Amino acid sequence: MVHQNDITETQAIDIAHDILFANANRIYKLGWTNGADVEEVKNGVQGLEVVRELEKKGVKFVRVTWTDCANITRTKLVPLKHFSSVPKKGVSVSSAVLSLPYFADHVLVSIDTVTVARDLQLVPDMTTLVQLPYHPKHAAVMGEFFGEDGEAHPVCPKGFLRKMLKELKDTHNLTLKLGFELEFQLLENPASPGSSSCATKPVDSTHYCDWSALRPRIAKVLDEIVDALEAQGVDVEFVHPESAGGQFEVVLRFCDAMEAVDKVVIAKQTIYNIPTLHDLKATFLPKPDMSEAGNSLHAHLSLWRDGQSIYTLDSSPTLPTGPIGPITRHFMAGILHHLPALLSFTVPSVNSFKRLQPGCWAGAYQCWGFANKEAPLRAQKDNFEYKAMDGLANPYLALGALIAAGLNGLDSQMDLPDPVNVDPERLDAKTRTRLNIERLPEDFQTALYHLEDDEELQARIGKE
């Protein structure tokens, strides 16, 4: 049956196990418990099945990938002929890589769990396996770090998000769905033949939704980006020119939280790579030009229970919060309460705070509102939007931190203050004080101070 492709080898093992082992064990009451051996065989066979499928597609290497704490996406290339054991065993990586900064390969922190003296296993999440359209001889898969004891590593960003999602499910029977708005700019390559400049510049000087931004050269690049994303299972809802020169936004359709974050990593790598085939560069830098709009990574969140959105569950139209149900209100209130500290995760650079200014639609004040572009937390019809985030944030850490804050809101049953439906910058200082609207930290160092002082958030996130 296997040779005739009626069943896979893994299915054949299950059938043989049921007939020869399980039936005998049940009938004769043998008490055998060698299920682990069967799983070992199945894991090996599944690895071989993956290799055979990738071989048919012409793949030569698999990139086993992780996004580190500095938001650098790193990878180890495994030749396909040696990949069959990787889905179970992973690849060995020093735990010290989790403390590397973005500017150099120097270990900045050494603690028991992150040290040059301990190796970790980077185990692939096979649900994320994709062939790379811009380099078809390579496939890629997201990995997660585990210790030698098989336990999830506490400093692994993907593992941290998984932990927070599990806590949300275990304590409140809730799941989270996410969608992202990803902004970037296309730049001319200063290294192009004949170029007399060493500086990058945007490909145009057009503005928001300007038809002329889609001239054939750039439209072709966008076509290829979207085609490549769709080929990797990333569902694109919209693409449009944004306000700054050469700036575009790609809207990714919502899905389960971990899947959504994996896909935003895939999307960023795709957007980096496709323009290079056209002698262009892409940047997610939050504020390349102080005179123009910056690049953000907005997240749209909704809580679900038993397959149904509970965004409006038990809402009261007589309250200022209108259609937002109490569970969502508590979760949002936790995020709003911890927002000054959360900026350490969601806008984690000096340049990030150049975007987080009044009048930039980024959310410079600690408030929320309906359809208010100047509020960092914005309620919409069936989800709420977190705007104070950009492409320099590690999305696993950022979303894990948001969930941690939301969990504190749920546990404490925090409630939202009244919405702010005007530009808070236009209010006088006395009115802002009366409404308890405070300016968010204006630089990264201040955000870190808020994190150090926020013991409640630290306790939820963990000391690592």
# chains A, B, ... in the order shown; residues from 1 in each chain; ligands from 1
>>> residues_around(residues="Leu427 (chain A)", least_positions_apart="4", cutoff="12 Å", atoms="only C-alpha atoms", output="list in words")
Pro358, Tyr365, Val420, Asn421, Val422, Asp423, Thr431, Arg432, Thr433, Arg434, Leu435, Asn436, Ile437 and Glu438 of chain A
>>> residues_around(residues="region 120-137 of chain A", least_positions_apart="5", cutoff="6 Å", atoms="only C-alpha atoms", output="list of chain:residue names")
A:Gly58, A:Val59, A:Lys60, A:Pro87, A:Gly90, A:Val91, A:Ser92, A:Val93, A:Ser94, A:Ser95, A:Met142, A:Gly143, A:Glu144, A:Phe145, A:Phe146, A:Gly147, A:Ala228, A:Gln232
>>> write_last_selection(atoms="N, CA and C atoms", output="PDB file, in the first residue's frame")
ATOM      1  N   GLY A  58      13.394  20.136  -5.579  1.00  0.00           N
ATOM      2  CA  GLY A  58      14.713  20.661  -5.936  1.00  0.00           C
ATOM      3  C   GLY A  58      15.444  21.343  -4.796  1.00  0.00           C
ATOM      4  N   VAL A  59      14.995  21.149  -3.554  1.00  0.00           N
ATOM      5  CA  VAL A  59      15.634  21.779  -2.400  1.00  0.00           C
ATOM      6  C   VAL A  59      16.947  21.068  -2.076  1.00  0.00           C
ATOM      7  N   LYS A  60      17.988  21.860  -1.791  1.00  0.00           N
ATOM      8  CA  LYS A  60      19.304  21.316  -1.442  1.00  0.00           C
ATOM      9  C   LYS A  60      19.673  21.555   0.017  1.00  0.00           C
ATOM     10  N   PRO A  87      14.358  17.065  12.549  1.00  0.00           N
ATOM     11  CA  PRO A  87      13.051  17.352  13.159  1.00  0.00           C
ATOM     12  C   PRO A  87      12.914  16.857  14.594  1.00  0.00           C
ATOM     13  N   GLY A  90      17.075  18.249  16.430  1.00  0.00           N
ATOM     14  CA  GLY A  90      17.473  19.639  16.308  1.00  0.00           C
ATOM     15  C   GLY A  90      18.927  19.773  15.908  1.00  0.00           C
ATOM     16  N   VAL A  91      19.421  21.002  15.960  1.00  0.00           N
ATOM     17  CA  VAL A  91      20.837  21.278  15.694  1.00  0.00           C
ATOM     18  C   VAL A  91      21.402  21.968  16.920  1.00  0.00           C
ATOM     19  N   SER A  92      22.679  21.745  17.173  1.00  0.00           N
ATOM     20  CA  SER A  92      23.321  22.275  18.373  1.00  0.00           C
ATOM     21  C   SER A  92      23.757  23.721  18.160  1.00  0.00           C
ATOM     22  N   VAL A  93      23.417  24.579  19.136  1.00  0.00           N
ATOM     23  CA  VAL A  93      23.793  25.998  19.099  1.00  0.00           C
ATOM     24  C   VAL A  93      24.176  26.408  20.516  1.00  0.00           C
ATOM     25  N   SER A  94      25.225  27.209  20.651  1.00  0.00           N
ATOM     26  CA  SER A  94      25.617  27.691  21.968  1.00  0.00           C
ATOM     27  C   SER A  94      24.535  28.595  22.550  1.00  0.00           C
ATOM     28  N   SER A  95      24.266  28.437  23.832  1.00  0.00           N
ATOM     29  CA  SER A  95      23.264  29.301  24.470  1.00  0.00           C
ATOM     30  C   SER A  95      23.709  30.761  24.484  1.00  0.00           C
ATOM     31  N   MET A 142      11.255  27.528  11.165  1.00  0.00           N
ATOM     32  CA  MET A 142      11.510  28.234  12.421  1.00  0.00           C
ATOM     33  C   MET A 142      11.859  27.227  13.513  1.00  0.00           C
ATOM     34  N   GLY A 143      12.851  27.596  14.322  1.00  0.00           N
ATOM     35  CA  GLY A 143      13.275  26.711  15.397  1.00  0.00           C
ATOM     36  C   GLY A 143      12.968  27.266  16.764  1.00  0.00           C
ATOM     37  N   GLU A 144      13.027  26.390  17.744  1.00  0.00           N
ATOM     38  CA  GLU A 144      12.781  26.755  19.138  1.00  0.00           C
ATOM     39  C   GLU A 144      13.862  26.089  19.986  1.00  0.00           C
ATOM     40  N   PHE A 145      14.369  26.807  20.984  1.00  0.00           N
ATOM     41  CA  PHE A 145      15.497  26.309  21.771  1.00  0.00           C
ATOM     42  C   PHE A 145      15.032  25.463  22.956  1.00  0.00           C
ATOM     43  N   PHE A 146      15.740  24.319  23.113  1.00  0.00           N
ATOM     44  CA  PHE A 146      15.502  23.423  24.238  1.00  0.00           C
ATOM     45  C   PHE A 146      16.837  23.078  24.877  1.00  0.00           C
ATOM     46  N   GLY A 147      16.805  22.838  26.193  1.00  0.00           N
ATOM     47  CA  GLY A 147      18.011  22.444  26.892  1.00  0.00           C
ATOM     48  C   GLY A 147      18.328  20.974  26.680  1.00  0.00           C
ATOM     49  N   ALA A 228       5.435  35.767  -3.572  1.00  0.00           N
ATOM     50  CA  ALA A 228       6.322  34.966  -2.721  1.00  0.00           C
ATOM     51  C   ALA A 228       5.687  34.715  -1.352  1.00  0.00           C
ATOM     52  N   GLN A 232       4.355  31.020   0.358  1.00  0.00           N
ATOM     53  CA  GLN A 232       4.816  30.537   1.665  1.00  0.00           C
ATOM     54  C   GLN A 232       3.674  30.451   2.685  1.00  0.00           C
TER      55      GLN A 232
END
>>> closest_residue(among="A:His138, A:Lys381, A:Lys81, A:His338", to="Leu301 (chain A)", atoms="only C-alpha atoms")
A:Lys381
>>> closest_residue(among="A:Pro441, A:Pro101, A:Pro376, A:Gly233", to="Ala299 (chain A)", atoms="only C-alpha atoms")
A:Pro376
>>> residues_around(residues="Phe248 (chain A)", least_positions_apart="5", cutoff="6 Å", atoms="only C-alpha atoms", output="list in words")
Glu183, Phe184, His240, Pro241 and Glu242 of chain A
>>> write_last_selection(atoms="C-alpha atoms", output="CSV table (one decimal), in the first residue's frame")
chain,number,residue,atom,x,y,z
A,183,GLU,CA,5.5,49.1,6.8
A,184,PHE,CA,8.7,49.4,4.9
A,240,HIS,CA,-0.8,50.2,-0.6
A,241,PRO,CA,1.7,53.1,-0.8
A,242,GLU,CA,2.2,54.9,2.5
>>> residues_around(residues="Asn273 (chain A)", least_positions_apart="6", cutoff="12 Å", atoms="only C-alpha atoms", output="list of chain:residue names")
A:Leu132, A:Pro133, A:Tyr134, A:His135, A:Leu186, A:Val221, A:Leu222, A:Glu224, A:Ile225, A:Ala228, A:Leu229, A:Ile266, A:Ala267, A:Asp279, A:Leu280, A:Lys281, A:Ala282, A:Thr283
>>> closest_residue(among="A:Val236, A:Tyr311, A:Ala404, A:Lys220", to="Gln458 (chain A)", atoms="only C-alpha atoms")
A:Ala404
>>> residues_around(residues="Ser302 (chain A)", least_positions_apart="6", cutoff="7 Å", atoms="only C-alpha atoms", output="PDB file with all heavy atoms, in the first residue's frame")
ATOM      1  N   LEU A 176      -5.594  33.655  21.285  1.00  0.00           N
ATOM      2  CA  LEU A 176      -5.384  34.983  20.711  1.00  0.00           C
ATOM      3  C   LEU A 176      -5.177  34.861  19.213  1.00  0.00           C
ATOM      4  O   LEU A 176      -4.440  33.987  18.742  1.00  0.00           O
ATOM      5  CB  LEU A 176      -4.162  35.635  21.356  1.00  0.00           C
ATOM      6  CG  LEU A 176      -3.798  37.048  20.905  1.00  0.00           C
ATOM      7  CD1 LEU A 176      -4.841  38.050  21.401  1.00  0.00           C
ATOM      8  CD2 LEU A 176      -2.404  37.438  21.422  1.00  0.00           C
ATOM      9  N   LYS A 177      -5.853  35.721  18.476  1.00  0.00           N
ATOM     10  CA  LYS A 177      -5.607  35.827  17.037  1.00  0.00           C
ATOM     11  C   LYS A 177      -4.992  37.196  16.748  1.00  0.00           C
ATOM     12  O   LYS A 177      -5.306  38.190  17.406  1.00  0.00           O
ATOM     13  CB  LYS A 177      -6.897  35.630  16.234  1.00  0.00           C
ATOM     14  CG  LYS A 177      -7.419  34.195  16.297  1.00  0.00           C
ATOM     15  CD  LYS A 177      -8.605  33.995  15.358  1.00  0.00           C
ATOM     16  CE  LYS A 177      -9.169  32.581  15.488  1.00  0.00           C
ATOM     17  NZ  LYS A 177      -8.252  31.554  14.964  1.00  0.00           N
ATOM     18  N   LEU A 178      -4.108  37.207  15.739  1.00  0.00           N
ATOM     19  CA  LEU A 178      -3.350  38.414  15.406  1.00  0.00           C
ATOM     20  C   LEU A 178      -3.357  38.664  13.909  1.00  0.00           C
ATOM     21  O   LEU A 178      -3.371  37.730  13.104  1.00  0.00           O
ATOM     22  CB  LEU A 178      -1.884  38.254  15.825  1.00  0.00           C
ATOM     23  CG  LEU A 178      -1.510  38.205  17.297  1.00  0.00           C
ATOM     24  CD1 LEU A 178      -0.038  37.841  17.418  1.00  0.00           C
ATOM     25  CD2 LEU A 178      -1.784  39.538  17.947  1.00  0.00           C
ATOM     26  N   SER A 309     -14.985  34.530  18.715  1.00  0.00           N
ATOM     27  CA  SER A 309     -14.439  35.784  19.225  1.00  0.00           C
ATOM     28  C   SER A 309     -15.274  36.268  20.403  1.00  0.00           C
ATOM     29  O   SER A 309     -16.510  36.248  20.348  1.00  0.00           O
ATOM     30  CB  SER A 309     -14.431  36.850  18.129  1.00  0.00           C
ATOM     31  OG  SER A 309     -14.085  38.113  18.667  1.00  0.00           O
ATOM     32  N   TYR A 311     -14.731  39.386  21.647  1.00  0.00           N
ATOM     33  CA  TYR A 311     -14.432  40.823  21.657  1.00  0.00           C
ATOM     34  C   TYR A 311     -15.616  41.628  22.195  1.00  0.00           C
ATOM     35  O   TYR A 311     -15.448  42.539  23.006  1.00  0.00           O
ATOM     36  CB  TYR A 311     -14.072  41.273  20.243  1.00  0.00           C
ATOM     37  CG  TYR A 311     -13.637  42.729  20.134  1.00  0.00           C
ATOM     38  CD1 TYR A 311     -12.400  43.133  20.613  1.00  0.00           C
ATOM     39  CD2 TYR A 311     -14.460  43.681  19.541  1.00  0.00           C
ATOM     40  CE1 TYR A 311     -11.993  44.452  20.516  1.00  0.00           C
ATOM     41  CE2 TYR A 311     -14.063  45.006  19.437  1.00  0.00           C
ATOM     42  CZ  TYR A 311     -12.822  45.388  19.926  1.00  0.00           C
ATOM     43  OH  TYR A 311     -12.424  46.704  19.832  1.00  0.00           O
ATOM     44  N   ASN A 383     -11.672  44.051  16.730  1.00  0.00           N
ATOM     45  CA  ASN A 383     -10.352  43.825  17.289  1.00  0.00           C
ATOM     46  C   ASN A 383      -9.834  45.137  17.866  1.00  0.00           C
ATOM     47  O   ASN A 383     -10.429  46.194  17.658  1.00  0.00           O
ATOM     48  CB  ASN A 383      -9.383  43.290  16.227  1.00  0.00           C
ATOM     49  CG  ASN A 383      -9.091  44.314  15.134  1.00  0.00           C
ATOM     50  OD1 ASN A 383      -8.275  45.225  15.317  1.00  0.00           O
ATOM     51  ND2 ASN A 383      -9.772  44.173  13.997  1.00  0.00           N
ATOM     52  N   PHE A 384      -8.731  45.053  18.594  1.00  0.00           N
ATOM     53  CA  PHE A 384      -8.079  46.293  19.007  1.00  0.00           C
ATOM     54  C   PHE A 384      -6.662  46.307  18.459  1.00  0.00           C
ATOM     55  O   PHE A 384      -6.031  45.267  18.261  1.00  0.00           O
ATOM     56  CB  PHE A 384      -8.110  46.491  20.528  1.00  0.00           C
ATOM     57  CG  PHE A 384      -7.307  45.494  21.324  1.00  0.00           C
ATOM     58  CD1 PHE A 384      -5.989  45.753  21.669  1.00  0.00           C
ATOM     59  CD2 PHE A 384      -7.892  44.316  21.771  1.00  0.00           C
ATOM     60  CE1 PHE A 384      -5.258  44.849  22.415  1.00  0.00           C
ATOM     61  CE2 PHE A 384      -7.164  43.404  22.539  1.00  0.00           C
ATOM     62  CZ  PHE A 384      -5.839  43.672  22.850  1.00  0.00           C
TER      63      PHE A 384
END
